[in-house]
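J.: Input structure: input-v9.csv, which contains CSV, C-alpha atoms.
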chain,number,residue,atom,x,y,z
A,9,GLN,CA,111.9,107.5,136.5
A,10,GLY,CA,108.7,105.7,135.5
A,11,ILE,CA,110.4,104.2,132.4
A,12,ILE,CA,113.5,103.1,134.4
A,13,ASN,CA,111.1,101.4,136.8
A,14,THR,CA,109.8,99.3,133.9
A,15,ILE,CA,113.3,97.8,133.0
A,16,PRO,CA,112.7,94.8,135.3
A,17,THR,CA,109.4,94.2,133.5
A,18,LEU,CA,111.0,94.3,130.1
A,19,ALA,CA,113.7,92.0,131.3
A,20,LEU,CA,111.1,89.3,131.8
A,21,ALA,CA,111.3,88.8,128.0
A,22,ALA,CA,114.7,87.1,128.7
A,23,GLN,CA,112.8,84.2,130.2
A,24,PHE,CA,111.9,83.2,126.7
A,25,PHE,CA,115.4,81.6,126.4
A,26,SER,CA,114.7,79.3,129.4
A,27,MET,CA,113.4,76.6,127.0
A,28,LEU,CA,117.0,76.0,126.0
A,29,LEU,CA,117.6,74.6,129.5
A,30,THR,CA,115.0,71.9,129.1
A,31,GLY,CA,116.4,68.5,130.2
A,32,ARG,CA,119.7,70.0,131.6
A,33,ARG,CA,121.1,70.1,135.1
A,34,VAL,CA,121.0,73.8,136.0
A,35,LYS,CA,122.5,74.0,139.4
A,36,ARG,CA,126.0,75.1,138.3
A,37,LEU,CA,124.7,77.5,135.6
A,38,VAL,CA,122.1,79.0,138.0
A,39,THR,CA,124.8,79.5,140.7
A,40,VAL,CA,127.2,81.3,138.3
A,41,CYS,CA,124.4,83.5,136.8
A,42,MET,CA,123.2,84.5,140.2
A,43,VAL,CA,126.7,85.5,141.3
A,44,THR,CA,127.0,87.6,138.1
A,45,ASN,CA,123.6,89.1,138.7
A,46,GLN,CA,124.4,90.1,142.2
A,47,LEU,CA,127.8,91.5,141.3
A,48,ALA,CA,126.0,93.8,138.8
A,49,PHE,CA,123.7,95.0,141.6
A,50,ILE,CA,126.7,95.6,143.9
A,51,LEU,CA,128.3,97.7,141.2
A,52,LEU,CA,125.2,100.0,141.3
A,53,TYR,CA,126.2,100.9,144.9
A,54,MET,CA,129.7,101.7,143.8
A,55,ILE,CA,128.9,104.0,140.8
A,56,PRO,CA,128.4,107.1,143.0
A,57,ILE,CA,132.0,106.9,144.3
A,58,PHE,CA,133.6,106.5,140.8
A,59,ASN,CA,135.3,109.7,139.6
A,60,ILE,CA,133.6,109.7,136.2
A,61,PRO,CA,131.3,112.2,134.4
A,62,PRO,CA,127.7,112.2,135.5
A,63,ALA,CA,126.5,111.2,132.0
A,64,LEU,CA,128.8,108.2,132.1
A,65,LYS,CA,127.5,107.3,135.5
A,66,SER,CA,124.0,107.2,134.2
A,67,ILE,CA,125.0,105.0,131.3
A,68,VAL,CA,126.8,102.6,133.6
A,69,PHE,CA,123.8,102.6,136.0
A,70,VAL,CA,121.3,101.7,133.3
A,71,ALA,CA,123.7,99.1,131.8
A,72,CYS,CA,124.2,97.3,135.1
A,73,LEU,CA,120.4,97.4,135.9
A,74,ILE,CA,119.6,95.9,132.5
A,75,LEU,CA,122.4,93.3,132.8
A,76,ALA,CA,121.4,92.2,136.3
A,77,ASN,CA,117.7,91.9,135.4
A,78,VAL,CA,118.3,90.1,132.1
A,79,ILE,CA,120.6,87.5,133.7
A,80,ASN,CA,118.2,86.9,136.6
A,81,ASN,CA,115.2,86.4,134.3
A,82,ALA,CA,117.1,84.2,131.7
A,83,ILE,CA,117.6,81.5,134.3
A,84,LYS,CA,114.6,82.3,136.6
A,85,PRO,CA,112.2,79.6,135.3
A,86,ALA,CA,114.9,76.9,135.6
A,87,ARG,CA,115.8,78.1,139.1
A,88,LEU,CA,112.2,78.0,140.1
A,89,VAL,CA,111.7,74.5,138.8
A,90,TRP,CA,114.9,73.4,140.7
A,91,LEU,CA,113.5,75.1,143.8
A,92,MET,CA,110.1,73.5,143.6
A,93,GLN,CA,111.3,70.0,142.9
A,94,SER,CA,111.5,69.2,146.6
A,95,VAL,CA,108.1,70.6,147.5
A,96,ASP,CA,105.1,68.3,147.9
A,97,ASN,CA,102.4,69.1,145.3
A,98,ASP,CA,99.7,69.6,148.0
A,99,LYS,CA,101.9,72.2,149.9
A,100,ARG,CA,103.0,74.4,147.0
A,101,GLY,CA,100.7,77.2,148.1
A,102,SER,CA,102.0,77.3,151.7
A,103,PHE,CA,105.6,76.9,150.5
A,104,THR,CA,105.6,79.8,148.0
A,105,ALA,CA,103.7,82.0,150.4
A,106,ASN,CA,106.2,81.4,153.3
A,107,LYS,CA,109.1,81.8,150.9
A,108,GLU,CA,107.7,85.2,149.8
A,109,MET,CA,106.9,86.2,153.3
A,110,ILE,CA,110.5,85.5,154.5
A,111,SER,CA,111.9,87.3,151.4
A,112,LEU,CA,109.8,90.4,152.0
A,113,ALA,CA,110.6,90.6,155.7
A,114,GLY,CA,114.3,90.2,155.1
A,115,GLY,CA,114.2,92.8,152.3
A,116,ALA,CA,112.3,95.2,154.5
A,117,VAL,CA,114.8,94.9,157.3
A,118,ILE,CA,117.7,95.4,154.9
A,119,SER,CA,116.0,98.4,153.2
A,120,MET,CA,115.2,100.1,156.5
A,121,SER,CA,118.7,99.4,157.8
A,122,LEU,CA,120.3,101.0,154.7
A,123,GLY,CA,117.9,103.9,155.0
A,124,ALA,CA,119.0,104.6,158.6
A,125,LEU,CA,122.6,104.2,157.5
A,126,ALA,CA,122.1,106.7,154.7
A,127,ASP,CA,120.8,109.2,157.3
A,128,THR,CA,123.9,108.6,159.4
A,129,TYR,CA,126.4,109.2,156.6
A,130,ARG,CA,125.2,112.4,155.0
A,131,ASP,CA,127.2,115.5,154.3
A,132,VAL,CA,126.1,119.1,155.0
A,133,ASN,CA,124.1,119.2,151.8
A,134,GLY,CA,122.2,116.0,152.8
A,135,VAL,CA,124.0,113.9,150.1
A,136,PRO,CA,125.0,110.3,151.2
A,137,MET,CA,128.8,110.2,151.7
A,138,ARG,CA,131.3,107.7,150.1
A,139,GLU,CA,131.4,105.6,153.3
A,140,PHE,CA,127.7,104.8,152.9
A,141,TYR,CA,128.1,103.3,149.4
A,142,VAL,CA,131.2,101.3,150.5
A,143,ILE,CA,129.3,99.8,153.5
A,144,CYS,CA,126.4,99.0,151.3
A,145,ALA,CA,128.7,97.2,148.8
A,146,ILE,CA,130.3,95.2,151.6
A,147,ALA,CA,126.9,94.2,153.0
A,148,MET,CA,125.8,93.1,149.5
A,149,VAL,CA,129.0,91.0,149.1
A,150,ALA,CA,128.4,89.3,152.4
A,151,LEU,CA,124.8,88.5,151.4
A,152,MET,CA,125.9,87.2,148.0
A,153,ILE,CA,128.4,84.8,149.6
A,154,LEU,CA,125.7,83.4,152.0
A,155,HIS,CA,123.3,83.0,149.0
A,156,THR,CA,125.9,81.3,146.9
A,157,VAL,CA,126.8,78.9,149.7
A,158,SER,CA,123.1,78.0,150.1
A,159,MET,CA,122.8,77.2,146.4
A,160,ILE,CA,126.0,75.1,146.5
A,161,ILE,CA,124.8,72.9,149.4
A,162,SER,CA,121.3,72.5,147.9
A,163,ASP,CA,120.5,69.2,146.2
A,164,GLU,CA,119.5,68.8,142.5
A,165,GLU,CA,117.4,65.9,141.2
A,166,PRO,CA,118.1,64.6,137.7
A,167,PRO,CA,116.0,66.3,135.0
A,168,MET,CA,112.7,64.6,134.3
A,169,VAL,CA,113.4,64.6,130.5
A,170,ASP,CA,116.4,64.1,128.3
A,171,VAL,CA,118.0,67.0,126.4
A,172,VAL,CA,116.2,67.5,123.1
A,173,PRO,CA,116.9,69.7,120.1
A,174,VAL,CA,115.6,73.3,120.3
A,175,ARG,CA,113.3,72.6,117.3
A,176,GLU,CA,111.6,69.8,119.2
A,177,ILE,CA,111.2,72.0,122.3
A,178,PHE,CA,109.7,74.8,120.2
A,179,LYS,CA,107.3,72.3,118.6
A,180,ARG,CA,106.1,71.1,121.9
A,181,VAL,CA,105.6,74.7,123.1
A,182,MET,CA,103.6,75.7,120.0
A,183,THR,CA,101.3,72.7,120.5
A,184,ASN,CA,100.9,73.3,124.2
A,185,ARG,CA,97.2,74.3,124.5
A,186,ALA,CA,97.4,74.8,128.3
A,187,LEU,CA,100.2,77.3,127.9
A,188,PHE,CA,98.3,79.4,125.4
A,189,LYS,CA,95.4,79.6,127.7
A,190,LEU,CA,97.7,80.7,130.6
A,191,ILE,CA,99.6,83.4,128.7
A,192,PRO,CA,96.7,85.9,128.8
A,193,ILE,CA,96.8,85.7,132.6
A,194,ASP,CA,100.3,87.2,132.6
A,195,VAL,CA,99.3,89.6,129.9
A,196,PHE,CA,96.3,91.0,131.8
A,197,TYR,CA,98.3,91.2,135.0
A,198,TYR,CA,101.3,93.0,133.6
A,199,LEU,CA,99.1,95.2,131.4
A,200,SER,CA,97.1,96.4,134.4
A,201,ILE,CA,100.1,97.2,136.6
A,202,GLY,CA,102.3,98.4,133.8
A,203,ILE,CA,99.9,101.2,132.9
A,204,SER,CA,99.9,102.9,136.3
A,205,THR,CA,102.2,101.5,139.0
A,206,PRO,CA,105.6,102.7,137.6
A,207,PHE,CA,104.5,106.3,137.9
A,208,PHE,CA,103.2,106.4,141.5
A,209,ALA,CA,106.7,107.3,142.9
A,210,SER,CA,106.8,110.7,141.2
A,211,TYR,CA,103.1,111.3,141.8
A,212,LEU,CA,103.6,110.9,145.6
A,213,ARG,CA,106.5,113.4,145.7
A,214,GLU,CA,105.3,116.0,143.2
A,215,GLU,CA,101.5,116.2,143.1
A,216,LEU,CA,100.6,114.7,146.5
A,217,ASP,CA,103.6,116.4,148.2
A,218,PHE,CA,104.3,113.5,150.6
A,219,LYS,CA,107.6,113.8,152.6
A,220,MET,CA,110.0,110.9,152.2
A,221,SER,CA,109.4,109.8,155.8
A,222,VAL,CA,105.7,109.5,155.0
A,223,ILE,CA,106.4,107.7,151.8
A,224,THR,CA,108.6,105.2,153.6
A,225,ALA,CA,105.9,104.6,156.3
A,226,ILE,CA,103.3,104.0,153.5
A,227,THR,CA,105.6,101.6,151.7
A,228,ILE,CA,106.2,99.7,155.0
A,229,ALA,CA,102.4,99.4,155.4
A,230,GLY,CA,102.1,97.8,152.0
A,231,VAL,CA,104.9,95.4,152.8
A,232,VAL,CA,103.2,94.5,156.1
A,233,ALA,CA,99.9,93.9,154.4
A,234,ARG,CA,101.6,91.6,151.9
A,235,ILE,CA,103.5,89.7,154.6
A,236,VAL,CA,100.3,89.2,156.7
A,237,ALA,CA,98.2,88.1,153.7
A,238,SER,CA,100.8,85.7,152.2
A,239,PRO,CA,100.4,82.7,154.5
A,240,ILE,CA,96.6,83.1,154.4
A,241,MET,CA,96.7,83.0,150.6
A,242,GLY,CA,98.9,80.0,150.7
A,243,ILE,CA,96.5,78.1,152.9
A,244,ILE,CA,93.5,79.1,150.7
A,245,SER,CA,95.4,78.0,147.6
A,246,ASP,CA,96.2,74.5,149.0
A,247,LYS,CA,92.6,74.0,150.3
A,248,LYS,CA,90.7,75.5,147.3
A,249,SER,CA,92.8,76.1,144.2
A,250,PHE,CA,95.3,78.6,142.8
A,251,SER,CA,92.7,79.8,140.3
A,252,PHE,CA,90.3,80.6,143.2
A,253,THR,CA,93.1,82.6,144.9
A,254,MET,CA,93.8,84.4,141.6
A,255,ILE,CA,90.2,85.5,141.4
A,256,LEU,CA,90.2,86.7,145.1
A,257,CYS,CA,93.5,88.6,144.7
A,258,THR,CA,92.5,90.2,141.4
A,259,VAL,CA,89.5,91.6,143.2
A,260,PHE,CA,91.8,93.0,145.8
A,261,LEU,CA,93.9,94.5,143.0
A,262,GLY,CA,90.8,96.1,141.5
A,263,ILE,CA,89.9,97.7,144.9
A,264,GLY,CA,93.4,99.0,145.1
A,265,PHE,CA,93.2,100.7,141.7
A,266,LEU,CA,89.8,102.1,142.6
A,267,GLY,CA,91.4,103.7,145.6
A,268,ALA,CA,94.1,105.1,143.4
A,269,CYS,CA,91.4,106.6,141.1
A,270,PHE,CA,90.3,108.8,144.0
A,271,THR,CA,93.7,109.7,145.2
A,272,ALA,CA,94.4,113.4,144.7
A,273,PRO,CA,96.2,116.3,146.4
A,274,GLY,CA,94.7,117.5,149.7
A,275,ALA,CA,92.8,115.3,152.1
A,276,ALA,CA,92.1,112.8,149.4
A,277,ARG,CA,95.8,112.0,149.1
A,278,TRP,CA,95.5,109.6,152.1
A,279,ILE,CA,93.2,107.4,150.0
A,280,TYR,CA,96.5,106.2,148.5
A,281,LEU,CA,96.7,104.0,151.6
A,282,VAL,CA,93.7,102.0,150.2
A,283,TYR,CA,95.7,101.3,147.0
A,284,VAL,CA,98.9,100.3,148.9
A,285,ILE,CA,97.3,97.9,151.4
A,286,PHE,CA,95.0,96.2,148.8
A,287,TYR,CA,97.8,96.0,146.3
A,288,GLY,CA,99.8,94.3,149.0
A,289,PHE,CA,97.0,91.9,149.6
A,290,SER,CA,96.7,91.1,145.9
A,291,THR,CA,100.4,90.4,145.3
A,292,ALA,CA,100.4,88.0,148.2
A,293,GLY,CA,98.5,85.6,146.0
A,294,LEU,CA,99.0,86.7,142.5
A,295,ASN,CA,102.7,86.2,142.4
A,296,SER,CA,102.4,82.7,143.7
A,297,GLY,CA,99.4,82.0,141.5
A,298,LEU,CA,101.2,83.0,138.3
A,299,LEU,CA,103.9,80.4,139.1
A,300,ASN,CA,101.6,77.6,140.4
A,301,LEU,CA,99.1,77.7,137.6
A,302,VAL,CA,101.8,76.3,135.4
A,303,TYR,CA,102.2,73.4,137.9
A,304,ASP,CA,98.4,72.9,137.9
A,305,TYR,CA,98.0,72.7,134.1
A,306,ASP,CA,101.3,71.9,132.5
A,307,ALA,CA,103.1,68.6,132.4
A,308,PRO,CA,106.4,68.5,134.5
A,309,ALA,CA,108.6,68.3,131.4
A,310,ASP,CA,107.1,71.5,130.0
A,311,ARG,CA,107.2,73.7,133.1
A,312,ALA,CA,110.4,75.6,132.7
A,313,ALA,CA,109.7,76.5,129.0
A,314,ALA,CA,106.1,77.3,129.9
A,315,LEU,CA,107.1,79.6,132.8
A,316,GLY,CA,109.6,81.4,130.6
A,317,ILE,CA,107.4,82.0,127.6
A,318,LYS,CA,104.4,83.0,129.8
A,319,ASN,CA,106.4,85.5,131.8
A,320,ALA,CA,108.2,86.8,128.7
A,321,CYS,CA,104.9,87.6,127.0
A,322,GLY,CA,103.5,89.3,130.0
A,323,GLY,CA,106.7,91.3,130.6
A,324,PHE,CA,106.9,92.5,127.0
A,325,VAL,CA,103.2,93.6,127.0
A,326,GLY,CA,103.7,95.3,130.4
A,327,PHE,CA,106.7,97.2,129.1
A,328,LEU,CA,104.9,98.4,126.0
A,329,ALA,CA,102.0,99.4,128.2
A,330,SER,CA,104.3,101.5,130.4
A,331,LEU,CA,105.8,103.2,127.3
A,332,GLY,CA,102.3,104.2,126.1
A,333,ALA,CA,101.2,105.2,129.5
A,334,GLY,CA,104.3,107.3,130.0
A,335,ALA,CA,103.5,109.2,126.8
A,336,ALA,CA,99.9,109.7,127.8
A,337,LEU,CA,101.0,110.8,131.3
A,338,ALA,CA,103.2,113.5,129.8
A,339,LYS,CA,100.5,114.7,127.5
A,340,ILE,CA,97.8,114.9,130.2
A,341,GLN,CA,100.2,116.8,132.5
A,342,GLU,CA,101.0,119.2,129.6
A,343,MET,CA,97.2,119.8,129.3
A,344,GLY,CA,96.9,120.5,133.0
A,345,GLY,CA,94.8,117.5,133.6
A,346,LEU,CA,91.8,115.8,131.9
A,347,THR,CA,88.3,117.1,132.6
A,348,VAL,CA,85.6,114.4,132.8
A,349,PHE,CA,82.0,115.4,133.6
A,350,GLY,CA,83.3,118.7,134.9
A,351,VAL,CA,85.9,117.1,137.2
A,352,THR,CA,89.6,117.7,136.4
A,353,LEU,CA,91.6,114.5,136.9
A,354,TYR,CA,95.3,114.3,137.4
A,355,ALA,CA,97.2,112.2,134.9
A,356,GLN,CA,97.9,109.4,137.5
A,357,GLN,CA,94.2,109.2,138.2
A,358,VAL,CA,93.5,108.7,134.5
A,359,LEU,CA,96.0,105.9,134.3
A,360,SER,CA,94.6,104.3,137.5
A,361,ILE,CA,91.1,104.3,135.9
A,362,VAL,CA,92.4,102.5,132.8
A,363,SER,CA,94.1,99.9,135.1
A,364,ALA,CA,90.8,99.5,137.0
A,365,ILE,CA,88.8,98.9,133.8
A,366,ILE,CA,91.1,96.0,132.9
A,367,ILE,CA,90.4,94.1,136.2
A,368,PRO,CA,86.9,92.9,135.5
A,369,ILE,CA,88.1,91.5,132.1
A,370,PHE,CA,90.9,89.8,133.9
A,371,ILE,CA,88.5,88.2,136.4
A,372,LEU,CA,86.1,87.1,133.7
A,373,TYR,CA,88.9,85.4,131.8
A,374,ILE,CA,90.0,83.4,134.9
A,375,VAL,CA,86.4,82.4,135.6
A,376,LYS,CA,85.4,81.4,132.0
A,377,VAL,CA,88.7,80.0,130.7
A,378,ILE,CA,91.1,78.9,133.6
A,379,VAL,CA,88.6,77.5,136.1
A,380,PRO,CA,87.1,75.0,133.6
A,381,MET,CA,90.5,73.7,132.6
A,382,HIS,CA,91.5,70.1,133.7
A,383,ARG,CA,94.4,70.1,136.1
A,384,VAL,CA,97.3,67.8,135.5
A,385,ASP,CA,97.3,64.6,137.5
A,386,LEU,CA,100.7,65.4,139.1
A,387,ASP,CA,101.5,62.1,140.6
A,388,VAL,CA,100.6,60.1,137.4
A,389,ALA,CA,102.4,62.7,135.2
A,390,GLU,CA,105.6,62.5,137.2
A,391,ASP,CA,105.5,58.7,137.3
A,392,ASP,CA,105.2,58.6,133.5
A,393,ILE,CA,108.2,60.7,132.9
For the file at hand, write its structure as structure tokens.
T.:
Amino acid sequence: QGIINTIPTLALAAQFFSMLLTGRRVKRLVTVCMVTNQLAFILLYMIPIFNIPPALKSIVFVACLILANVINNAIKPARLVWLMQSVDNDKRGSFTANKEMISLAGGAVISMSLGALADTYRDVNGVPMREFYVICAIAMVALMILHTVSMIISDEEPPMVDVVPVREIFKRVMTNRALFKLIPIDVFYYLSIGISTPFFASYLREELDFKMSVITAITIAGVVARIVASPIMGIISDKKSFSFTMILCTVFLGIGFLGACFTAPGAARWIYLVYVIFYGFSTAGLNSGLLNLVYDYDAPADRAAALGIKNACGGFVGFLASLGAGAALAKIQEMGGLTVFGVTLYAQQVLSIVSAIIIPIFILYIVKVIVPMHRVDLDVAEDDI
């Protein structure tokens, strides 16, 4: 399950191809790709009702998950640039925070509704019935239609640059000093979370022995923390800077990992709440910061390509980290834990310690490299295009 959870991270590598869209109108392409992406996710809900062998169901499930995430990531940078073109530069923090807050709240409502629906449509063995999956698919189709209509009626401004050959785009990217300073930000972030976060789900159920109802409540607490913190981080970003918010939220992330280090079976399992809440606080600013740092330090014409390459590098490193961490997890579990100074640690605790060690390096890099960088004069830059 931990490796399956890393598929969206690996799919970030597809953003590398976003540079091919430089100088092009993307509204039609983005709309078509998003419909295809959502149809693939809808198919995931239909797989259980197909009368095919279980092994084939697993293959179709993984194929749909990969397809949906690859398509979404391939056009994500261009979609974000399109989305952000109507946002005032001095309000980017508040806008991205409110956007994330609304998205999280809507997602939480839908998830809880589907969870209640699953409890309603269960057979005598507790397995969701066919009706549940059909209703989910119908709901997803309705949401897809609404989302598609919203994209169709949205305006698209002309590209800031003309279409240029791929060779020229690649040359500009390779000489973009700001981009190469920003790439390690994504690498540190996805490395830290890739090592430990994909494996918490099984840890909660198997070692910590939480019931599903408790896991759901804990998850909701994390979502609430992120929703509450998002507008605050947005205001701080607009008044201070996105690099300041990144430092603050990386500290929160470190506190979360420290909580995870001490989370163990028994009474200490409730320390996991520290991780969930502070992880929610951290993502409230880190997700927005990873996007907006490109707007702070890259010229408008380079943003889509910069976003794609930066995210692709981070996603690829995060996936490799998860593969290595998965192998280490299995080995430590086989050993019955890892004894350090007479204390036996569970495998998930060891991974959390490694993630926590990365955080001070992450913060130091932001302070020493990112903060001293000169921000792009956005108004002048856009007038010169």
J.: Please check which residues have atoms at most 12 Å from (103.4, 109.3, 143.7) in the file's coordinates, counting only C-alpha atoms, and write them as a PyMOL selection string.
T.: chain A and resi 9-10+204-220+222-224+226-227+268+271-273+277-278+280-281+283-284+354-357+360
J.: Point out the residue among A:Ile235, A:Gly242, A:Lys248, A:Gly322 with the least atom-to-atom distance to Ser111 of chain A, counting all atoms listed in the file.
T.: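 Result for the nearest residue to Ser111 of chain A: A:Ile235.
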J.: Need the shell around Ala145 of chain A: protein/DNA/RNA residues with any atom at most 8 Å away, counting all atoms listed in the file. Skip same-chain ones fewer than 5 positions apart. Format as a PDB file with C-alpha atoms, in the coordinates of the input?
T.:
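part.pdb written:
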ATOM      1  CA  ILE A  50     126.700  95.600 143.900  1.00  0.00           C
ATOM      2  CA  LEU A  51     128.300  97.700 141.200  1.00  0.00           C
ATOM      3  CA  TYR A  53     126.200 100.900 144.900  1.00  0.00           C
ATOM      4  CA  MET A  54     129.700 101.700 143.800  1.00  0.00           C
TER       5      MET A  54
END
J.: Out of A:Asp163, A:Glu139, A:Asp304, A:Asp194, which residue has the shortest atom-to-atom distance to Leu125 of chain A when counting all atoms listed in the file?
T.: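 Using all atoms listed in the file, the shortest distance to Leu125 of chain A belongs to A:Glu139.
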J.: Counting only C-alpha atoms, which of A:Phe250, A:Ile60, A:Ser162, A:Ser363 gets nearest to Ser94 of chain A?
T.: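 Answer, going by the shortest atom-to-atom distance: A:Ser162.
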J.: Which residues are near Gln46 of chain A? Cut-off 9 Å, all atoms listed in the file, ignore same chain within fewer than 5 positions. Put them as a compact mmCIF listing (two decimals) with C-alpha atoms, in the coordinates of the input.
T.:
# COMPACT_ATOMS: atom_id res chain seq x y z
CA CYS A 41 124.40 83.50 136.80
CA LEU A 51 128.30 97.70 141.20
CA ALA A 76 121.40 92.20 136.30
CA ASN A 80 118.20 86.90 136.60
CA MET A 148 125.80 93.10 149.50
CA VAL A 149 129.00 91.00 149.10
CA MET A 152 125.90 87.20 148.00
J.: Restricting the calculation to only C-alpha atoms, which member of A:Ala313, A:Val70, A:Leu37, A:Val377 is positioned closest to Ile160 of chain A?
T.: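 Residue with the minimum atom-to-atom distance to Ile160 of chain A: A:Leu37.
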J.: With all atoms listed in the file as the atoms that count, which of A:Ile369, A:Met92, A:Ile191, A:Ile240 lies nearest to Phe324 of chain A?
T.: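 Selected residue with least distance to Phe324 of chain A: A:Ile191.
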J.: Determine, counting all atoms listed in the file, every residue of protein, DNA or RNA that lies within 10 Å of (100.6, 71.1, 130.2) in the file coordinates, then give the result as an MDAnalysis selection string.
T.: chainID A and resid 180:181 183:188 302:311 314 382:384 389
J.: Within 12 Å of Leu91 of chain A, counting only C-alpha atoms, which residues qualify if same-chain residues fewer than 3 places away don't, as a list of chain:residue names?
T.: A:Val34, A:Lys35, A:Val38, A:Lys84, A:Pro85, A:Ala86, A:Arg87, A:Leu88, A:Ser94, A:Val95, A:Asp96, A:Arg100, A:Phe103, A:Thr104, A:Lys107, A:Ser158, A:Met159, A:Ser162, A:Asp163, A:Glu164, A:Glu165, A:Leu299, A:Ala312
J.: Atom CA of Val195 of chain A and atom CA of Gly323 of chain A, how far apart in Å?
T.: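 Answer for the atom CA of Gly323 of chain A to atom CA of Val195 of chain A separation: 7.6 Å.
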J.: Applying 9 Å and all atoms listed in the file, which residues near Phe24 of chain A remain after dropping the ones on its own chain fewer than 5 positions away? List them as a CSV table (one decimal) with C-alpha atoms, in the frame of the given file.
T.:
chain,number,residue,atom,x,y,z
A,81,ASN,CA,115.2,86.4,134.3
A,82,ALA,CA,117.1,84.2,131.7
A,313,ALA,CA,109.7,76.5,129.0
A,314,ALA,CA,106.1,77.3,129.9
A,315,LEU,CA,107.1,79.6,132.8
A,316,GLY,CA,109.6,81.4,130.6
A,317,ILE,CA,107.4,82.0,127.6
A,318,LYS,CA,104.4,83.0,129.8
A,319,ASN,CA,106.4,85.5,131.8
A,320,ALA,CA,108.2,86.8,128.7
A,321,CYS,CA,104.9,87.6,127.0
J.: Rank nothing, just name the residue among A:Gly114, A:Pro239, A:Gly230, A:Pro368 nearest to Gly101 of chain A, using all atoms listed in the file.
T.: A:Pro239
J.: To one decimal place in Å, what is the distance between atom CA of Met254 of chain A and atom CA of Leu294 of chain A?
T.: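 So the two atoms, atom CA of Met254 of chain A and atom CA of Leu294 of chain A, lie 5.8 Å apart.
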J.: What's the 10 Å shell around Ala48 of chain A, counting all atoms listed in the file, without same-chain residues fewer than 6 positions away, as a PDB file with C-alpha atoms, keeping the file's coordinate frame?
T.:
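Below is the file that was written, part-v3.pdb:
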ATOM      1  CA  MET A  42     123.200  84.500 140.200  1.00  0.00           C
ATOM      2  CA  PHE A  69     123.800 102.600 136.000  1.00  0.00           C
ATOM      3  CA  ALA A  71     123.700  99.100 131.800  1.00  0.00           C
ATOM      4  CA  CYS A  72     124.200  97.300 135.100  1.00  0.00           C
ATOM      5  CA  LEU A  73     120.400  97.400 135.900  1.00  0.00           C
ATOM      6  CA  ILE A  74     119.600  95.900 132.500  1.00  0.00           C
ATOM      7  CA  LEU A  75     122.400  93.300 132.800  1.00  0.00           C
ATOM      8  CA  ALA A  76     121.400  92.200 136.300  1.00  0.00           C
ATOM      9  CA  ASN A  77     117.700  91.900 135.400  1.00  0.00           C
ATOM     10  CA  ILE A  79     120.600  87.500 133.700  1.00  0.00           C
TER      11      ILE A  79
END
